[in-house]
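Peer 1: The structure follows.
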Amino acid sequence: MSIHLFLSLLLALILSPIPSLSQQNDTVPCPLNFTILEQFADSNRPQVDSKIECQYILQGLRLVDSNYLQLTGNFLPPLNAASSCWSAYQTLAEKFVAGFDIRASCGFQTSWISQGCMNITTKDQFEALVGQSALNDVVSNCNQSLENNSPCASCTTSLGGLSATYLTGESIGNVSGCTAYPSIYAAAFANPYGPADHGNAKCLFQLDFAAASPGKKKRTLILIVLVACGFGLLVLIGGIWFSWHKYEEYMMKKRRKDANDKIELGLGNALESISGSTTLVKFTFEEISKATKNFARENIIGRGGYGNVYKGTLSDGSEVALKRFKNCSAAGDANFAHEVEVIASVRHVNLVALRGYCTATTHLVGHQRIIVCDLMKNGSLHDHLFGTFENKLSWPIRQRIALGTARGLAYLHDGAQPSIIHRDIKANNILLDEDFEAKVADFGLAKFTPEGMTHLSTRVAGTMGYLAPEYALYGQLTEKSDVYSFGVVMLELLSGKKALHVNNESQPSLVTDWAWTLVREGKTLDVVEDMPEKGPSEVLEKYVLVSVLCSHPQLYARPTMDQVVKMLETDLVVPSIPERPIPLVAEIDDIERYSSSGSIQLSSTVGFQTYTFESSLPRDHKGDGESSTSTTDGR
């Protein structure tokens, strides 16, 4: 080789660029196993709003992180694997949501998948921060199948307390925030079934998609074949089938008529049995018609889906409210008898009292079903907050209404045997007597709670804006569903805003969300509207915090009604209010804000203060009390 050629090669080598640090540290393969998510995905499900898809993506990633933690003891993959992990997740997502770019659509930054809460990256760091006692509590509550609601509620309550107490620092991004760490840890180590268990995925990560399996396709094919064969068979024996069908139709009508006759006969026996153990009066239809002046239009004081409520005067001169059920039939008598049974079974100063009932069937009036109750001369709370009354209620009166409602509900939950869940607590169903004593009314949707049961699964009924989330979404009914509704009514009472109202941007808004935003920003007293004889700021603040706590969207965070009464009547401190969960339709900014927050210490040390009530009554509320009469609206 010539010297000239050797020098040329040496010069080229010297001048060649040196690899950068990033080039030296190439991206490594992703250590996360995303294939475990395939069992929770359904390729046939319709695509939903991108914000909801992002929630599914986020929860799925946290389940995968839990599996990684179980295998390696690390919460997060290394930073140099962040890009490859997103690519692996994107590949899986394309199978089920075509064209959905995870990072671009959800606002996730690449590095966030490897960055988490308070610089905690390993199992040992997490356990050292939380402590063995708290971990033992998590294991005690989560060491079982979480497929059913009750074990799941116990486990998530324990995890919520863990997050609120120990994980109050900063989170990076919105992927593996502090609120996610307890669930990731619990699925990996506290529960024996592991992160991929269906119960754990549903309870701890809100993943509950039907698994798309070959067996399902096979069953579908078999069903199609059977239907085809059945159709051919029907063609061959069409004449015989037609005759048999007509015969079955006749028999069905006959059985339905016999059942209706049996119900009609049984109603009288059921109501007679109720009356025998109470002081209820069975009124004749003639007495009711005379009391209401033949159901005159001017005597109507309330309307609802069940019918009208009339004001009436009995022969002894006492004034009553009469709830007349419309479109009555033998099949509807079960609802009527149920409401009579519920009201007759309870007696409390803060519950509406039942005088009696009336049942009659004639060719002229048809089926008549009427409930007779004491007349509340000051109408309903809704009338005073949102009706035609010009003068606002003073604080002493509002305080009396709040306490009376709380005591009435506490009696239903803890004093009645069996306990009763009202299911329709709202301002229309809080009636006020001449002294503005609150009376809980309208028990048409009420449910008796069998002894030993923590909740009931039932069809959803009630009024929008007042329904607790777990009841509205899943039909899971507990006594704390009433607590949520009570919290909404309290916020209406304090703020003068409806449960579901239009905000400044002409968008529908929940009073619970509006109040929570103010409380979270430290503007608790801004929830309270101007009113006569406004109470001390410490007392008003405490009532607002109790209302916000009662209307917390998570069931475990709400107090019982007995605890509510104690907080309102005594110096019992309002406990800290946990942060609310991320809404399914939250904006990215909201998700980041929620993910970086723990629980907030919002409490008041001021207890119940009494006032001289007589001097607090508005002028038009004193005297004969005839200025307003009302009762419940429809269910």
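By convention in this document, the chains of the structure tokens carry letters A, B, ... by their order, each chain's residues are numbered from 1, and ligands are numbered from 1 in the order they are shown.
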Just want the 10 Å neighbourhood of range 475-480 of chain A, counted on only C-alpha atoms, with same-chain residues fewer than 5 positions away dropped. Output as a ChimeraX atom specification.
Peer 2: /A:149,409-410,412-414,419-423,447,449,453-461,468-470,485-486,550-551,554-561
Peer 1: Report as a list in words all protein, DNA and RNA residues lying within 10 Å of Thr279 in chain A, evaluated on only C-alpha atoms, omitting residues in the same chain fewer than 5 positions from it.
Peer 2: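 Near Thr279 in chain A, the qualifying residues are Ile274, Ala344, Leu354, Arg355 and Gly356 of chain A.
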Peer 1: Those same residues, written as a short mmCIF file (atom, residue, chain, number, x, y, z; two decimals), in the first residue's frame with C-alpha atoms?
Peer 2:
```cif
data_model
loop_
_atom_site.label_atom_id
_atom_site.label_comp_id
_atom_site.auth_asym_id
_atom_site.auth_seq_id
_atom_site.Cartn_x
_atom_site.Cartn_y
_atom_site.Cartn_z
CA ILE A 274 -101.77 -3.32 57.66
CA ALA A 344 -97.59 3.02 58.03
CA LEU A 354 -100.25 8.72 57.12
CA ARG A 355 -103.90 9.24 58.16
CA GLY A 356 -105.44 6.50 56.07
#
```
Peer 1: Taking into account only C-alpha atoms, which residue in the set A:Ala186, A:Ile237, A:Ile397, A:Leu494 is nearest to Tyr543 in chain A?
Peer 2: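 Closest to Tyr543 in chain A, using only C-alpha atoms: A:Leu494.
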Peer 1: What does the distance between CA of Lys498 in chain A and CA of Leu381 in chain A come to in Å, to one decimal place?
Peer 2: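 Spanning CA of Lys498 in chain A to CA of Leu381 in chain A is a straight-line distance of 11.7 Å.
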Peer 1: I need the residue nearest Phe386 in chain A from this list: A:Ser495, A:Gln115, A:Asn136, A:Ser87. Use only C-alpha atoms for the distance.
Peer 2: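 Of the candidates, the smallest distance to Phe386 in chain A is held by A:Ser495.
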Peer 1: If DSSP is run on the backbone, what residues of range 285-402 of chain A are strand (DSSP E)? A reply as a VMD selection string would be ideal.
Peer 2: chain A and resid 300 to 304 307 to 313 319 to 325 354 to 362 366 to 374
Peer 1: Restricting the calculation to only C-alpha atoms, which member of A:Glu248, A:Glu541, A:Asp433, A:Asp65 is positioned closest to Pro31 in chain A?
Peer 2: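 Looking at the shortest contact to Pro31 in chain A, the residue is A:Asp65.
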Peer 1: Tell me, which residues of range 297-507 of chain A carry DSSP alpha helix (DSSP H), written as a PyMOL selection string?
Peer 2: chain A and resi 333-344+381-386+395-410+469-474+479-495
